[in-house]
Structure formats: structure tokens, C-alpha cells
>>> print(open('run24.cif').read())   # mmCIF, C-alpha atoms
data_start
#
loop_
_atom_site.label_atom_id
_atom_site.label_comp_id
_atom_site.auth_asym_id
_atom_site.auth_seq_id
_atom_site.Cartn_x
_atom_site.Cartn_y
_atom_site.Cartn_z
CA MET A 826 104.98 63.12 117.73
CA THR A 827 104.32 59.55 118.83
CA VAL A 828 101.51 58.60 121.17
CA ALA A 829 104.04 57.67 123.87
CA LEU A 830 105.76 61.05 123.52
CA GLU A 831 102.42 62.87 123.62
CA HIS A 832 101.58 60.98 126.82
CA LEU A 833 104.94 61.87 128.38
CA THR A 834 104.64 65.53 127.39
CA ALA A 835 101.10 65.68 128.79
CA ALA A 836 102.29 64.01 132.00
CA ALA A 837 105.09 66.58 132.34
CA GLU A 838 102.62 69.43 131.78
CA ASN A 839 100.20 67.92 134.33
CA HIS A 840 103.01 67.58 136.85
CA HIS A 841 103.98 71.21 136.28
CA GLU A 842 100.37 72.21 136.91
CA ASP A 843 100.28 70.15 140.11
CA LEU A 844 103.53 71.68 141.36
CA ARG A 845 102.25 75.15 140.55
CA ASP A 846 98.91 74.58 142.27
CA ARG A 847 100.60 73.37 145.44
CA LEU A 848 103.13 76.20 145.34
CA VAL A 849 100.28 78.70 145.10
CA TRP A 850 98.35 76.98 147.92
CA TYR A 851 101.31 76.94 150.31
CA THR A 852 102.24 80.51 149.42
CA GLU A 853 98.69 81.78 149.88
CA THR A 854 98.51 80.01 153.25
CA LEU A 855 101.74 81.72 154.32
CA ILE A 856 100.59 85.13 153.09
CA ALA A 857 97.19 84.75 154.79
CA ALA A 858 98.87 83.97 158.12
CA VAL A 859 101.15 86.99 157.79
CA ALA A 860 98.30 89.27 156.65
CA THR A 861 96.13 88.32 159.63
CA ARG A 862 99.08 88.56 162.02
CA GLN A 863 98.81 84.90 162.92
CA PRO A 864 101.87 82.77 163.59
CA HIS A 865 103.30 81.93 160.18
CA GLU A 866 106.18 79.63 161.12
CA ALA A 867 104.22 76.43 160.44
CA ALA A 868 103.07 77.69 157.03
CA ARG A 869 106.64 78.67 156.20
CA ALA A 870 107.92 75.23 157.27
CA VAL A 871 105.35 73.44 155.07
CA LEU A 872 106.22 75.68 152.11
CA LEU A 873 109.94 75.06 152.61
CA GLU A 874 109.44 71.31 152.86
CA PHE A 875 107.58 71.36 149.54
CA LEU A 876 110.21 73.60 147.96
CA ARG A 877 113.14 71.45 149.07
CA ASP A 878 111.58 68.03 148.54
CA GLU A 879 109.65 68.60 145.34
CA LEU A 880 110.16 71.90 143.52
CA LEU A 881 113.97 72.04 143.78
CA ALA A 882 114.20 68.31 143.08
CA HIS A 883 112.14 68.91 139.94
CA THR A 884 114.34 71.77 138.72
CA GLU A 885 117.55 69.86 139.48
CA VAL A 886 116.40 66.85 137.47
CA GLU A 887 115.36 69.12 134.60
CA ASP A 888 118.79 70.74 134.64
CA GLY A 889 120.47 67.35 134.56
CA LEU A 890 118.33 65.70 131.91
CA LEU A 891 116.50 68.10 129.64
CA PHE A 892 118.86 71.01 129.58
CA THR A 893 121.99 68.96 128.97
CA SER A 894 120.20 67.42 125.97
CA ALA A 895 119.87 70.79 124.24
CA GLU A 896 122.68 70.68 121.72
CA ASP A 897 121.69 72.80 118.75
CA ASP A 898 121.86 76.61 118.87
CA ARG A 899 118.13 77.17 119.29
CA THR A 900 117.58 74.61 122.03
CA ALA A 901 120.83 75.48 123.81
CA LEU A 902 119.76 79.11 124.18
CA LEU A 903 116.34 78.08 125.51
CA ALA A 904 117.95 75.68 127.95
CA ALA A 905 120.47 78.27 129.13
CA ALA A 906 117.69 80.79 129.78
CA MET A 907 115.74 78.20 131.75
CA GLN A 908 118.82 77.27 133.78
CA ASP A 909 119.18 80.95 134.68
CA GLU A 910 115.56 80.90 135.84
CA HIS A 911 116.23 77.79 137.90
CA ARG A 912 119.16 79.53 139.58
CA MET A 913 116.79 82.37 140.47
CA VAL A 914 114.27 79.83 141.83
CA ALA A 915 117.01 78.48 144.12
CA THR A 916 117.92 82.03 145.18
CA LEU A 917 114.31 82.77 146.12
CA VAL A 918 114.07 79.51 148.06
CA ARG A 919 117.19 80.51 150.01
CA GLU A 920 115.59 83.89 150.70
CA ILE A 921 112.46 82.18 152.03
CA GLU A 922 114.68 79.96 154.21
CA GLN A 923 116.94 82.66 155.57
CA THR A 924 115.07 85.94 155.81
CA THR A 925 114.09 87.21 159.21
CA ASP A 926 111.93 89.98 157.78
CA THR A 927 108.28 89.05 157.27
CA MET A 928 107.84 91.43 154.33
CA ASP A 929 110.88 89.98 152.56
CA LEU A 930 109.48 86.49 153.19
CA VAL A 931 106.13 87.32 151.59
CA ILE A 932 107.75 89.12 148.66
CA ALA A 933 110.13 86.21 147.97
CA ALA A 934 107.31 83.67 148.14
CA GLY A 935 105.14 85.71 145.77
CA ALA A 936 108.03 86.26 143.37
CA LEU A 937 108.69 82.52 143.35
CA VAL A 938 105.11 81.82 142.24
CA VAL A 939 105.45 84.27 139.35
CA LEU A 940 108.86 82.95 138.32
CA PHE A 941 107.66 79.35 138.42
CA ASP A 942 104.71 80.31 136.19
CA VAL A 943 107.18 81.72 133.65
CA CYS A 944 109.42 78.63 133.87
CA VAL A 945 106.53 76.24 133.35
CA HIS A 946 105.11 78.21 130.44
CA GLN A 947 108.47 78.38 128.66
CA GLU A 948 109.29 74.74 129.21
CA ASN A 949 105.88 73.44 128.13
CA ARG A 950 105.41 75.79 125.21
CA TYR A 951 108.94 76.22 123.88
CA LEU A 952 111.63 73.95 125.29
CA LEU A 953 109.96 70.51 125.16
CA PRO A 954 108.64 71.02 121.61
CA ALA A 955 112.01 72.42 120.46
CA LEU A 956 113.89 69.47 121.94
CA ALA A 957 111.48 67.04 120.26
CA ALA A 958 111.83 68.89 116.92
CA ALA A 959 115.63 68.77 117.27
CA GLY A 960 115.47 64.99 117.52
CA VAL A 961 116.14 64.63 121.25
CA ASP A 962 114.80 61.30 122.53
CA LEU A 963 112.42 62.72 125.16
CA GLU A 964 110.83 59.31 125.63
CA GLY A 965 114.19 57.85 126.60
CA LEU A 966 114.98 60.78 128.89
CA LEU A 967 111.66 61.10 130.67
CA VAL A 968 110.19 57.61 130.81
CA ASP A 969 111.27 56.75 134.38
CA VAL A 970 111.61 60.19 135.96
CA PRO A 971 108.84 60.93 138.50
CA GLU A 972 110.43 64.30 139.37
CA ILE A 973 109.47 65.49 135.89
CA LEU A 974 106.40 63.37 135.12
CA GLY A 975 104.92 63.12 138.58
CA ALA A 976 104.33 59.96 140.58
CA GLY A 977 102.45 57.26 138.72
CA ASN A 978 103.40 58.47 135.25
CA GLU A 979 106.72 56.71 134.96
CA ARG A 980 106.77 53.27 133.32
#
>>> encode(input="run24.cif", output="C-alpha cells")
Amino acid sequence: MTVALEHLTAAAENHHEDLRDRLVWYTETLIAAVATRQPHEAARAVLLEFLRDELLAHTEVEDGLLFTSAEDDRTALLAAAMQDEHRMVATLVREIEQTTDTMDLVIAAGALVVLFDVCVHQENRYLLPALAAAGVDLEGLLVDVPEILGAGNER
């Protein structure tokens, strides 16, 4: 793995960690408001803004770039599994948007945190290394993509 590729992979992993940390923060804020019977609409709105503007944007770019690059049998199966997880992420976001039941809201938000943890682990540990091993030009794919690398990591 080249130094540039190691940098890009580390940047992607750091961005995943940042997305996860903020997802947890916004979710915990929402759950705390619900648990203490405080108004939770503002916390829900902030969570949804983050989900729409950053988390879903991130998963959509991944689907368009990384997953379409998976061409051999091993990487194609990994990519297909991750695309299924991304569809479930979108389903949970819709549930957070649309539910009128507070318990369903909290359950969907908590489930989203767990699912995102799984997605991040699989992408960092399995998919990115498998794509690199299969000869996919990750440097060329990721170099100017802040949705995957995070702001300030693109060239």
C-alpha cells in the first residue's frame, strides 16, 4: 500500500469515526430529552439535519464510488452486503423522520447507531482492504471526495 493510499484510508476511517461520534451525540441528546420528558423536537430536527446532510450523503457517495468498483466475486459480495446495510440506514432515517410514536423514534435512532457501527467496521476492516487487494484504484476514486474522506482531506 502506498503512502498516499494509507493516508486516504486513514482519512476515510477518521471520517467514519467523526460521523459515528456525531451520530451517537445527536442520538443520545434525543434519547435524553425523551427520557426526561422534555421537548424532543429540536433534538430530533438536529439529528435529522445531520442524517440528511452528512450521513446519507456519505452512504450515497460510497454506493456510487466504492461499491460500483467492486468487480471480482469477493469484493462484489462485500459491496452488495454493504449496499443492503445502506438501504437499511435509509429506512431507519425515514422512520426517524416519519414516526409519530416516541418509543419508535428512540428505537429507530438507537438501531441506526448500531447499524452504522457495523457498516463502518465492515468497510474499514474488509471492503477497503479487499478493493485495494483487487487492484481498485482507491486513490483515484477517493482523492477529491469529502463525503468519504471528510472536509480538509481531499487534495
>>> closest_residue(input="run24.cif", among="A:His946, A:Arg847, A:His865, A:His841", to="A:Met907", atoms="all atoms listed in the file")
A:His946
>>> atom_distance(input="run24.cif", atom1="atom CA of A:Glu920", atom2="atom CA of A:Ala934")
8.7 Å
>>> residues_around(input="run24.cif", residues="A:Val859", least_positions_apart="5", cutoff="9 Å", atoms="only C-alpha atoms", output="tab-separated table (two decimals) with C-alpha atoms, in the frame of the given file")
chain	number	residue	atom	x	y	z
A	854	THR	CA	98.51	80.01	153.25
A	864	PRO	CA	101.87	82.77	163.59
A	865	HIS	CA	103.30	81.93	160.18
A	927	THR	CA	108.28	89.05	157.27
A	928	MET	CA	107.84	91.43	154.33
A	931	VAL	CA	106.13	87.32	151.59
>>> closest_residue(input="run24.cif", among="A:Ala901, A:Leu930, A:Asp843, A:Thr916", to="A:Leu872", atoms="only C-alpha atoms")
A:Leu930
>>> atom_distance(input="run24.cif", atom1="atom CA of A:Leu890", atom2="atom CA of A:Asp878")
18.1 Å
>>> closest_residue(input="run24.cif", among="A:Ala915, A:Glu922, A:Leu881, A:Thr893", to="A:Glu866", atoms="all atoms listed in the file")
A:Glu922
>>> decode(input="run24.cif", residues="stretch 892-910 of chain A", atoms="N, CA and C atoms", output="compact mmCIF listing (two decimals), in the first residue's frame")
# COMPACT_ATOMS: atom_id res chain seq x y z
N PHE A 892 -18.71 0.98 -4.11
CA PHE A 892 -19.41 -0.27 -4.34
C PHE A 892 -19.51 -0.63 -5.81
N THR A 893 -19.57 0.37 -6.67
CA THR A 893 -19.60 0.07 -8.10
C THR A 893 -18.22 -0.34 -8.61
N SER A 894 -17.19 -0.14 -7.80
CA SER A 894 -15.83 -0.54 -8.19
C SER A 894 -15.54 -2.00 -7.85
N ALA A 895 -16.42 -2.61 -7.08
CA ALA A 895 -16.21 -3.99 -6.66
C ALA A 895 -16.63 -4.92 -7.80
N GLU A 896 -15.62 -5.47 -8.48
CA GLU A 896 -15.92 -6.25 -9.68
C GLU A 896 -15.64 -7.74 -9.54
N ASP A 897 -14.71 -8.12 -8.67
CA ASP A 897 -14.47 -9.56 -8.55
C ASP A 897 -15.48 -10.15 -7.56
N ASP A 898 -15.57 -11.49 -7.54
CA ASP A 898 -16.59 -12.16 -6.73
C ASP A 898 -16.53 -11.77 -5.26
N ARG A 899 -15.34 -11.74 -4.71
CA ARG A 899 -15.19 -11.46 -3.28
C ARG A 899 -15.59 -10.03 -2.94
N THR A 900 -15.12 -9.08 -3.71
CA THR A 900 -15.45 -7.69 -3.41
C THR A 900 -16.90 -7.36 -3.77
N ALA A 901 -17.42 -8.00 -4.80
CA ALA A 901 -18.81 -7.76 -5.19
C ALA A 901 -19.78 -8.20 -4.09
N LEU A 902 -19.49 -9.33 -3.46
CA LEU A 902 -20.35 -9.80 -2.36
C LEU A 902 -20.27 -8.86 -1.16
N LEU A 903 -19.07 -8.41 -0.83
CA LEU A 903 -18.92 -7.45 0.27
C LEU A 903 -19.68 -6.16 -0.04
N ALA A 904 -19.53 -5.68 -1.25
CA ALA A 904 -20.20 -4.44 -1.64
C ALA A 904 -21.72 -4.60 -1.62
N ALA A 905 -22.21 -5.73 -2.10
CA ALA A 905 -23.66 -5.97 -2.09
C ALA A 905 -24.20 -6.01 -0.67
N ALA A 906 -23.48 -6.63 0.24
CA ALA A 906 -23.91 -6.68 1.64
C ALA A 906 -23.94 -5.27 2.24
N MET A 907 -22.93 -4.47 1.91
CA MET A 907 -22.90 -3.10 2.44
C MET A 907 -23.99 -2.25 1.82
N GLN A 908 -24.32 -2.46 0.57
CA GLN A 908 -25.42 -1.72 -0.04
C GLN A 908 -26.75 -2.07 0.64
N ASP A 909 -26.91 -3.34 1.00
CA ASP A 909 -28.10 -3.73 1.77
C ASP A 909 -28.15 -2.99 3.10
N GLU A 910 -27.00 -2.87 3.75
CA GLU A 910 -26.95 -2.14 5.02
C GLU A 910 -27.27 -0.67 4.81
